Each structure stands twice: as C-alpha cells, then as structure tokens.
Amino acid sequence: MPAKAKTSSEVRIYLSDGTAPTEIVPTAITKAAPAVVSAPTPPADGAVVYCEGTGFPELDGRFFTTANAAVGTFELVGSDTTGSVGTLSGDPVIETYEAATMQSLCLSALTYNLETPGTVSVGTYCDPKATLPATAGAAGTMTLTGYIDVQDSAYPAVYAAVKDAKERVLTVVLGQDQGEIVQTVIMAGITWDIPMGDGGMAWTATATLTTEPEHVFEATP
C-alpha cells in the first residue's frame, strides 16, 4: 500500500548514561522471526541490546530492542533467524542497556550527517578504473540542538557526555509503530548561542557516530 507520511509528534530521544552495559550470556536462540533468546536473567521490555559472538550472522554486530520478556526468555525485536545456518557459539554475549540507564533528551533539532563510503584506486593498465572500498572510518556525525536549562535532563546529560568522551548509545524512538533508530556515539564538542534580548539561550553538540545507525522495527507492526 502507499506510504503514509508520519509526523514527529511522538519522537523521543534517549542517551545512555555512560555506564558499561550489562552482559547477558544466552543459553539458546531460536530460529524464528523474531528470534527468542533464552537467558537466566532476561532484560526488561524495551531495553537496547547489541549481539556479539552468538554464531548467528543475522544477529552479530547488530542492535535490537527487547520485547515479551518472560521467565528465562525474551524476544529480539526486528530480528529474523528463520532461515539461519548459524548455531549458538561457545562464547556468546548480548550487551544490554536497560531503560533505567537511558536519559531522555528534549531536543529542538536532531540532524544526521552520514559519511559516503570512499574508494581507493587500484587501477592497472588492464583495468584503469578498478577500485576497492576505502578503509572504514567514522560512520558520520549527528548534530543535536537544545536550549540551555540545567534543570532539564538533556543539557546536563549531553554536557557530561562531551566532557568524558565515553561511547554512549543514542536511540531515537519514532513512535506510531515506526520502531527506533539506534547507534553508538561519542560526543565530540558543544557550542553555545547566547542571543541579545529575549531570545532563547541554546546549545549545539556534535556527536561522532561510532556505529552505523540501525532502524529497529517489527516485521509486522
């Protein structure tokens, strides 16, 4: 069916507080959509997780959110291991960022500035136009804008992230059953705009993307 435009009225943005994620060791992963993970202590619904070394190529190196947590199991929203040839490895880890470690950011603007992958010339007389992908660098940057208010959660959280330069998870919850966009970032700097008169005092921060943004959503909302 034709796409319908969605408004940003329900968008919410969250930044992890810089504490190390909790590591969960799965004991089983189903081949399903979404994949169901068995683990002694499942994370709560809505947690952000990152999979490493599970043995499933559809999961490793990717972010997911969690849902339908029960005794000993939880689902990876947006995952599909139905046709996977993977098997659970001997050293799997699921890094978990619980909702309690995520701070709400009431921003006035958020902009992505993604890098276009480059190439390196490896031309020869036989094939002068031959190229290879360039060595991967940063995925790009994000620009975050808000108003100076030390009583609000956004400004102190972003300022602390700039000062300690720790890698953090930033999630953009889109609302309206559109899932969320997840990435890791390092806050690279902040500037201030102090206008004359009655203008709002604002700040602008730049975040370096340390992973490519990933849109996580249910296959059948």
# chains A, B, ... in the order shown; residues from 1 in each chain; ligands from 1
call {"tool": "select_by_dssp", "arguments": {"residues": "region 9-199 of chain A", "states": "strand (DSSP E)", "output": "compact mmCIF listing (two decimals) with N, CA and C atoms, in the first residue's frame"}}
result
# COMPACT_ATOMS: atom_id res chain seq x y z
N ARG A 12 10.84 10.53 20.58
CA ARG A 12 11.52 10.68 21.85
C ARG A 12 12.96 10.22 21.67
N ILE A 13 13.90 10.92 22.32
CA ILE A 13 15.33 10.64 22.13
C ILE A 13 15.95 10.33 23.48
N TYR A 14 16.78 9.28 23.51
CA TYR A 14 17.39 8.84 24.76
C TYR A 14 18.89 8.61 24.57
N LEU A 15 19.67 8.93 25.60
CA LEU A 15 21.11 8.77 25.59
C LEU A 15 21.52 7.98 26.82
N SER A 16 22.34 6.94 26.62
CA SER A 16 22.78 6.15 27.78
C SER A 16 23.68 6.99 28.67
N THR A 22 25.27 -4.13 30.69
CA THR A 22 25.21 -5.43 31.34
C THR A 22 25.40 -6.52 30.28
N GLU A 23 26.22 -7.52 30.59
CA GLU A 23 26.44 -8.60 29.63
C GLU A 23 25.58 -9.80 29.99
N ILE A 24 24.78 -10.23 29.04
CA ILE A 24 23.93 -11.41 29.20
C ILE A 24 24.49 -12.52 28.33
N ALA A 28 20.35 -20.24 24.64
CA ALA A 28 19.74 -20.75 23.41
C ALA A 28 19.15 -19.58 22.64
N ILE A 29 19.10 -19.72 21.31
CA ILE A 29 18.48 -18.73 20.44
C ILE A 29 17.69 -19.49 19.39
N VAL A 36 13.91 -15.71 19.60
CA VAL A 36 13.67 -15.75 21.04
C VAL A 36 14.94 -16.23 21.73
N VAL A 37 15.40 -15.46 22.70
CA VAL A 37 16.64 -15.76 23.41
C VAL A 37 16.32 -16.33 24.78
N SER A 38 17.01 -17.41 25.13
CA SER A 38 16.91 -17.94 26.49
C SER A 38 18.12 -17.47 27.27
N VAL A 48 17.74 -1.84 25.01
CA VAL A 48 18.53 -1.88 23.79
C VAL A 48 19.65 -2.90 23.98
N VAL A 49 19.81 -3.81 23.01
CA VAL A 49 20.84 -4.84 23.14
C VAL A 49 21.70 -4.89 21.89
N TYR A 50 22.94 -5.33 22.08
CA TYR A 50 23.90 -5.48 20.97
C TYR A 50 24.47 -6.89 21.05
N CYS A 51 24.41 -7.63 19.95
CA CYS A 51 24.82 -9.03 19.92
C CYS A 51 26.25 -9.19 19.42
N GLU A 52 27.01 -10.03 20.13
CA GLU A 52 28.38 -10.33 19.74
C GLU A 52 28.66 -11.82 19.91
N PHE A 63 22.17 -4.08 16.55
CA PHE A 63 21.36 -3.67 17.68
C PHE A 63 19.93 -4.17 17.51
N PHE A 64 19.30 -4.47 18.63
CA PHE A 64 17.88 -4.82 18.66
C PHE A 64 17.28 -4.23 19.93
N THR A 65 15.97 -4.22 20.00
CA THR A 65 15.30 -3.91 21.26
C THR A 65 14.59 -5.18 21.74
N THR A 66 14.22 -5.20 22.99
CA THR A 66 13.66 -6.42 23.57
C THR A 66 12.16 -6.28 23.80
N ALA A 67 11.48 -7.43 23.76
CA ALA A 67 10.04 -7.45 23.98
C ALA A 67 9.63 -8.80 24.52
N ASN A 68 8.44 -8.83 25.10
CA ASN A 68 7.83 -10.08 25.59
C ASN A 68 8.76 -10.87 26.52
N ALA A 69 9.42 -10.14 27.42
CA ALA A 69 10.29 -10.81 28.39
C ALA A 69 9.43 -11.68 29.31
N ALA A 70 9.91 -12.90 29.55
CA ALA A 70 9.22 -13.84 30.43
C ALA A 70 10.27 -14.49 31.32
N THR A 73 13.27 -16.03 29.09
CA THR A 73 13.30 -15.76 27.66
C THR A 73 12.95 -14.32 27.35
N PHE A 74 13.36 -13.86 26.16
CA PHE A 74 12.95 -12.56 25.64
C PHE A 74 13.12 -12.56 24.13
N GLU A 75 12.42 -11.66 23.46
CA GLU A 75 12.48 -11.56 22.00
C GLU A 75 13.38 -10.41 21.58
N LEU A 76 14.02 -10.58 20.42
CA LEU A 76 14.82 -9.53 19.81
C LEU A 76 13.98 -8.89 18.70
N VAL A 77 13.40 -7.73 18.99
CA VAL A 77 12.53 -7.05 18.03
C VAL A 77 13.32 -6.70 16.77
N VAL A 93 27.68 -13.23 23.68
CA VAL A 93 27.40 -12.15 24.62
C VAL A 93 26.35 -11.23 24.02
N ILE A 94 25.40 -10.83 24.84
CA ILE A 94 24.42 -9.81 24.45
C ILE A 94 24.57 -8.64 25.42
N GLU A 95 25.10 -7.52 24.92
CA GLU A 95 25.28 -6.33 25.74
C GLU A 95 23.94 -5.62 25.87
N THR A 96 23.58 -5.28 27.10
CA THR A 96 22.23 -4.78 27.38
C THR A 96 22.28 -3.40 28.03
N TYR A 97 21.51 -2.49 27.45
CA TYR A 97 21.32 -1.15 28.02
C TYR A 97 19.87 -1.05 28.49
N MET A 102 19.07 4.97 30.47
CA MET A 102 18.86 5.86 29.33
C MET A 102 18.23 7.16 29.80
N GLN A 103 18.81 8.28 29.42
CA GLN A 103 18.33 9.59 29.84
C GLN A 103 17.58 10.26 28.69
N SER A 104 16.43 10.82 28.99
CA SER A 104 15.62 11.47 27.98
C SER A 104 16.24 12.81 27.58
N LEU A 105 16.27 13.08 26.28
CA LEU A 105 16.79 14.35 25.76
C LEU A 105 15.65 15.10 25.08
N ALA A 109 16.21 20.02 17.83
CA ALA A 109 16.53 19.54 16.49
C ALA A 109 17.57 18.42 16.58
N LEU A 110 17.51 17.51 15.62
CA LEU A 110 18.46 16.40 15.52
C LEU A 110 18.70 16.15 14.04
N THR A 111 19.97 16.18 13.63
CA THR A 111 20.31 16.03 12.21
C THR A 111 21.39 14.98 12.04
N TYR A 112 21.19 14.09 11.08
CA TYR A 112 22.21 13.10 10.71
C TYR A 112 23.07 13.65 9.58
N ASN A 113 24.38 13.40 9.68
CA ASN A 113 25.32 13.77 8.62
C ASN A 113 26.18 12.53 8.34
N LEU A 114 25.66 11.63 7.50
CA LEU A 114 26.32 10.35 7.27
C LEU A 114 27.42 10.49 6.22
N THR A 119 36.42 5.16 -1.91
CA THR A 119 37.11 4.07 -2.61
C THR A 119 38.58 4.43 -2.79
N VAL A 120 39.39 3.42 -3.02
CA VAL A 120 40.81 3.59 -3.28
C VAL A 120 41.09 3.03 -4.67
N SER A 121 41.79 3.79 -5.47
CA SER A 121 42.12 3.33 -6.83
C SER A 121 43.16 2.22 -6.79
N THR A 131 38.75 -0.18 -8.48
CA THR A 131 38.79 0.43 -7.15
C THR A 131 38.46 -0.62 -6.09
N LEU A 132 38.82 -0.29 -4.85
CA LEU A 132 38.44 -1.08 -3.68
C LEU A 132 37.82 -0.14 -2.66
N PRO A 133 36.95 -0.65 -1.79
CA PRO A 133 36.40 0.22 -0.74
C PRO A 133 37.52 0.75 0.15
N GLY A 140 29.92 8.84 10.40
CA GLY A 140 29.38 10.18 10.18
C GLY A 140 29.22 10.90 11.50
N THR A 141 28.38 11.91 11.50
CA THR A 141 28.14 12.69 12.72
C THR A 141 26.65 12.95 12.87
N MET A 142 26.30 13.38 14.08
CA MET A 142 24.95 13.87 14.36
C MET A 142 25.07 15.24 15.00
N THR A 143 24.14 16.10 14.71
CA THR A 143 24.08 17.41 15.33
C THR A 143 22.84 17.47 16.21
N LEU A 144 23.05 17.75 17.49
CA LEU A 144 21.96 17.84 18.46
C LEU A 144 21.83 19.28 18.92
N THR A 145 20.62 19.78 18.98
CA THR A 145 20.38 21.16 19.38
C THR A 145 19.30 21.20 20.46
N GLY A 146 19.54 22.03 21.46
CA GLY A 146 18.55 22.20 22.53
C GLY A 146 18.71 23.56 23.19
N TYR A 147 17.98 23.76 24.25
CA TYR A 147 18.04 25.03 24.98
C TYR A 147 18.74 24.83 26.32
N ARG A 168 28.52 6.14 23.99
CA ARG A 168 27.17 6.00 24.51
C ARG A 168 26.22 5.51 23.41
N VAL A 169 25.14 4.89 23.84
CA VAL A 169 24.07 4.52 22.92
C VAL A 169 23.07 5.65 22.87
N LEU A 170 22.70 6.04 21.65
CA LEU A 170 21.67 7.06 21.45
C LEU A 170 20.55 6.43 20.63
N THR A 171 19.33 6.50 21.15
CA THR A 171 18.19 5.92 20.45
C THR A 171 17.17 7.01 20.13
N VAL A 172 16.60 6.91 18.94
CA VAL A 172 15.55 7.83 18.51
C VAL A 172 14.28 6.99 18.36
N VAL A 173 13.39 7.10 19.33
CA VAL A 173 12.13 6.36 19.29
C VAL A 173 11.14 7.16 18.45
N GLU A 180 12.55 2.28 16.23
CA GLU A 180 13.51 3.27 16.69
C GLU A 180 14.82 3.14 15.93
N ILE A 181 15.57 4.22 15.88
CA ILE A 181 16.87 4.25 15.22
C ILE A 181 17.93 4.25 16.33
N VAL A 182 18.85 3.27 16.26
CA VAL A 182 19.82 3.06 17.33
C VAL A 182 21.23 3.19 16.77
N GLN A 183 22.11 3.82 17.53
CA GLN A 183 23.51 3.95 17.16
C GLN A 183 24.35 4.22 18.41
N THR A 184 25.66 4.02 18.30
CA THR A 184 26.55 4.44 19.37
C THR A 184 27.28 5.70 18.91
N VAL A 185 27.53 6.59 19.86
CA VAL A 185 28.13 7.88 19.55
C VAL A 185 29.15 8.27 20.61
N ILE A 186 30.02 9.18 20.24
CA ILE A 186 30.90 9.88 21.18
C ILE A 186 30.66 11.37 20.99
N MET A 187 30.28 12.04 22.04
CA MET A 187 30.03 13.48 21.94
C MET A 187 31.36 14.21 21.75
N ALA A 188 31.47 14.90 20.63
CA ALA A 188 32.76 15.47 20.24
C ALA A 188 32.93 16.92 20.64
N GLY A 189 31.86 17.63 20.92
CA GLY A 189 32.00 19.04 21.28
C GLY A 189 30.65 19.72 21.42
N ILE A 190 30.66 20.87 22.06
CA ILE A 190 29.42 21.62 22.28
C ILE A 190 29.72 23.11 22.14
N THR A 191 28.76 23.84 21.56
CA THR A 191 28.87 25.30 21.46
C THR A 191 27.59 25.92 22.00
N TRP A 192 27.64 27.22 22.30
CA TRP A 192 26.51 27.90 22.90
C TRP A 192 26.12 29.12 22.07
N ASP A 193 24.83 29.38 22.03
CA ASP A 193 24.30 30.56 21.33
C ASP A 193 23.57 31.41 22.37
call {"tool": "select_by_dssp", "arguments": {"residues": "region 118-205 of chain A", "states": "alpha helix (DSSP H)", "output": "ChimeraX atom specification"}}
result
/A:154-164
call {"tool": "atom_distance", "arguments": {"atom1": "CA of Thr211 (chain A)", "atom2": "CA of Ala32 (chain A)"}}
result
25.7 Å
call {"tool": "atom_distance", "arguments": {"atom1": "CA of Thr81 (chain A)", "atom2": "CA of Asp177 (chain A)"}}
result
21.9 Å
call {"tool": "atom_distance", "arguments": {"atom1": "CA of Val71 (chain A)", "atom2": "CA of Ala100 (chain A)"}}
result
20.1 Å
call {"tool": "residues_around", "arguments": {"residues": "Gln176 (chain A)", "least_positions_apart": "3", "cutoff": "9 Å", "atoms": "only C-alpha atoms", "output": "PyMOL selection string"}}
result
chain A and resi 6-7+10-11+179
call {"tool": "write_last_selection", "arguments": {"atoms": "N, CA and C atoms", "output": "compact mmCIF listing (two decimals), in the first residue's frame"}}
result
# COMPACT_ATOMS: atom_id res chain seq x y z
N LYS A 6 4.33 10.28 8.28
CA LYS A 6 4.20 10.28 9.73
C LYS A 6 4.77 11.57 10.29
N THR A 7 4.14 12.10 11.33
CA THR A 7 4.66 13.31 11.96
C THR A 7 5.70 12.94 13.02
N GLU A 10 5.52 12.20 18.11
CA GLU A 10 5.76 11.20 19.14
C GLU A 10 7.24 10.84 19.29
N VAL A 11 8.12 11.54 18.60
CA VAL A 11 9.55 11.22 18.66
C VAL A 11 10.09 11.49 20.06
N GLY A 179 9.09 1.99 15.18
CA GLY A 179 10.33 1.47 15.74
C GLY A 179 11.24 2.57 16.24
call {"tool": "closest_residue", "arguments": {"among": "A:Gly83, A:Gly123, A:Pro92, A:Pro128", "to": "Thr30 (chain A)", "atoms": "only C-alpha atoms"}}
result
A:Gly83
call {"tool": "closest_residue", "arguments": {"among": "A:Leu88, A:Gly61, A:Ala99, A:Ser79", "to": "Asp45 (chain A)", "atoms": "only C-alpha atoms"}}
result
A:Ala99
call {"tool": "closest_residue", "arguments": {"among": "A:Ala205, A:Ile194, A:Ala47, A:Ala39", "to": "Thr27 (chain A)", "atoms": "only C-alpha atoms"}}
result
A:Ala39
call {"tool": "residues_around", "arguments": {"residues": "Gly78 (chain A)", "least_positions_apart": "5", "cutoff": "7 Å", "atoms": "only C-alpha atoms", "output": "PyMOL selection string"}}
result
chain A and resi 34+64+216-219
call {"tool": "write_last_selection", "arguments": {"atoms": "C-alpha atoms", "output": "mmCIF file, in the first residue's frame"}}
result
data_model
loop_
_atom_site.group_PDB
_atom_site.id
_atom_site.type_symbol
_atom_site.label_atom_id
_atom_site.label_comp_id
_atom_site.auth_asym_id
_atom_site.auth_seq_id
_atom_site.Cartn_x
_atom_site.Cartn_y
_atom_site.Cartn_z
ATOM 1 C CA PRO A 34 11.671 -12.511 15.907
ATOM 2 C CA PHE A 64 17.885 -4.823 18.661
ATOM 3 C CA VAL A 216 14.873 -1.463 14.500
ATOM 4 C CA PHE A 217 11.207 -2.230 13.923
ATOM 5 C CA GLU A 218 8.788 -5.143 13.998
ATOM 6 C CA ALA A 219 8.454 -7.012 10.713
#
call {"tool": "closest_residue", "arguments": {"among": "A:Ser89, A:Ser84, A:Thr206, A:Thr54", "to": "Ala33 (chain A)", "atoms": "only C-alpha atoms"}}
result
A:Ser84
call {"tool": "decode", "arguments": {"residues": "region 117-196 of chain A", "atoms": "C-alpha atoms", "output": "PDB file, in the first residue's frame"}}
result
ATOM      1  CA  PRO A 117      31.874   5.310   1.734  1.00  0.00           C
ATOM      2  CA  GLY A 118      35.011   6.135  -0.258  1.00  0.00           C
ATOM      3  CA  THR A 119      37.106   4.074  -2.613  1.00  0.00           C
ATOM      4  CA  VAL A 120      40.809   3.587  -3.278  1.00  0.00           C
ATOM      5  CA  SER A 121      42.116   3.330  -6.828  1.00  0.00           C
ATOM      6  CA  VAL A 122      43.844   0.026  -7.652  1.00  0.00           C
ATOM      7  CA  GLY A 123      43.883   0.581 -11.380  1.00  0.00           C
ATOM      8  CA  THR A 124      46.187  -1.262 -13.743  1.00  0.00           C
ATOM      9  CA  TYR A 125      46.875  -0.896 -17.449  1.00  0.00           C
ATOM     10  CA  CYS A 126      44.386  -3.718 -17.977  1.00  0.00           C
ATOM     11  CA  ASP A 127      41.714  -2.107 -15.776  1.00  0.00           C
ATOM     12  CA  PRO A 128      42.471   1.579 -15.131  1.00  0.00           C
ATOM     13  CA  LYS A 129      39.180   2.180 -13.316  1.00  0.00           C
ATOM     14  CA  ALA A 130      39.495  -0.617 -10.744  1.00  0.00           C
ATOM     15  CA  THR A 131      38.792   0.430  -7.149  1.00  0.00           C
ATOM     16  CA  LEU A 132      38.439  -1.080  -3.683  1.00  0.00           C
ATOM     17  CA  PRO A 133      36.402   0.217  -0.738  1.00  0.00           C
ATOM     18  CA  ALA A 134      38.412   2.599   1.411  1.00  0.00           C
ATOM     19  CA  THR A 135      39.321   1.637   4.966  1.00  0.00           C
ATOM     20  CA  ALA A 136      36.266   2.235   7.115  1.00  0.00           C
ATOM     21  CA  GLY A 137      36.334   5.353   9.247  1.00  0.00           C
ATOM     22  CA  ALA A 138      33.638   7.083  11.265  1.00  0.00           C
ATOM     23  CA  ALA A 139      30.099   6.445  10.047  1.00  0.00           C
ATOM     24  CA  GLY A 140      29.382  10.177  10.183  1.00  0.00           C
ATOM     25  CA  THR A 141      28.139  12.687  12.715  1.00  0.00           C
ATOM     26  CA  MET A 142      24.949  13.865  14.359  1.00  0.00           C
ATOM     27  CA  THR A 143      24.078  17.412  15.332  1.00  0.00           C
ATOM     28  CA  LEU A 144      21.956  17.835  18.461  1.00  0.00           C
ATOM     29  CA  THR A 145      20.375  21.159  19.382  1.00  0.00           C
ATOM     30  CA  GLY A 146      18.552  22.195  22.531  1.00  0.00           C
ATOM     31  CA  TYR A 147      18.041  25.026  24.982  1.00  0.00           C
ATOM     32  CA  ILE A 148      20.253  25.745  27.975  1.00  0.00           C
ATOM     33  CA  ASP A 149      18.411  24.614  31.086  1.00  0.00           C
ATOM     34  CA  VAL A 150      20.442  22.970  33.834  1.00  0.00           C
ATOM     35  CA  GLN A 151      17.212  21.747  35.452  1.00  0.00           C
ATOM     36  CA  ASP A 152      16.279  19.788  32.328  1.00  0.00           C
ATOM     37  CA  SER A 153      17.702  16.293  31.751  1.00  0.00           C
ATOM     38  CA  ALA A 154      19.020  16.976  28.239  1.00  0.00           C
ATOM     39  CA  TYR A 155      21.614  19.679  28.801  1.00  0.00           C
ATOM     40  CA  PRO A 156      23.438  18.145  31.817  1.00  0.00           C
ATOM     41  CA  ALA A 157      23.424  14.710  30.149  1.00  0.00           C
ATOM     42  CA  VAL A 158      24.907  15.960  26.890  1.00  0.00           C
ATOM     43  CA  TYR A 159      27.403  18.220  28.651  1.00  0.00           C
ATOM     44  CA  ALA A 160      28.630  15.301  30.789  1.00  0.00           C
ATOM     45  CA  ALA A 161      28.966  13.164  27.658  1.00  0.00           C
ATOM     46  CA  VAL A 162      31.077  15.841  25.967  1.00  0.00           C
ATOM     47  CA  LYS A 163      33.376  16.122  28.991  1.00  0.00           C
ATOM     48  CA  ASP A 164      34.038  12.404  29.498  1.00  0.00           C
ATOM     49  CA  ALA A 165      34.010  11.425  25.789  1.00  0.00           C
ATOM     50  CA  LYS A 166      32.697   7.928  26.584  1.00  0.00           C
ATOM     51  CA  GLU A 167      30.912   5.911  23.941  1.00  0.00           C
ATOM     52  CA  ARG A 168      27.170   6.001  24.510  1.00  0.00           C
ATOM     53  CA  VAL A 169      24.073   4.517  22.922  1.00  0.00           C
ATOM     54  CA  LEU A 170      21.669   7.055  21.452  1.00  0.00           C
ATOM     55  CA  THR A 171      18.190   5.919  20.453  1.00  0.00           C
ATOM     56  CA  VAL A 172      15.551   7.825  18.506  1.00  0.00           C
ATOM     57  CA  VAL A 173      12.129   6.360  19.294  1.00  0.00           C
ATOM     58  CA  LEU A 174       9.924   7.313  16.358  1.00  0.00           C
ATOM     59  CA  GLY A 175       6.526   6.392  17.791  1.00  0.00           C
ATOM     60  CA  GLN A 176       3.456   5.465  15.731  1.00  0.00           C
ATOM     61  CA  ASP A 177       4.678   1.849  15.415  1.00  0.00           C
ATOM     62  CA  GLN A 178       7.722   3.000  13.434  1.00  0.00           C
ATOM     63  CA  GLY A 179      10.329   1.473  15.737  1.00  0.00           C
ATOM     64  CA  GLU A 180      13.514   3.274  16.690  1.00  0.00           C
ATOM     65  CA  ILE A 181      16.873   4.252  15.220  1.00  0.00           C
ATOM     66  CA  VAL A 182      19.818   3.058  17.334  1.00  0.00           C
ATOM     67  CA  GLN A 183      23.512   3.951  17.156  1.00  0.00           C
ATOM     68  CA  THR A 184      26.550   4.444  19.368  1.00  0.00           C
ATOM     69  CA  VAL A 185      28.125   7.883  19.549  1.00  0.00           C
ATOM     70  CA  ILE A 186      30.896   9.875  21.183  1.00  0.00           C
ATOM     71  CA  MET A 187      30.030  13.479  21.943  1.00  0.00           C
ATOM     72  CA  ALA A 188      32.762  15.471  20.245  1.00  0.00           C
ATOM     73  CA  GLY A 189      32.002  19.043  21.283  1.00  0.00           C
ATOM     74  CA  ILE A 190      29.424  21.623  22.278  1.00  0.00           C
ATOM     75  CA  THR A 191      28.871  25.303  21.459  1.00  0.00           C
ATOM     76  CA  TRP A 192      26.508  27.903  22.905  1.00  0.00           C
ATOM     77  CA  ASP A 193      24.299  30.562  21.334  1.00  0.00           C
ATOM     78  CA  ILE A 194      23.580  33.449  23.721  1.00  0.00           C
ATOM     79  CA  PRO A 195      21.378  35.956  21.832  1.00  0.00           C
ATOM     80  CA  MET A 196      20.689  39.530  22.903  1.00  0.00           C
TER      81      MET A 196
END
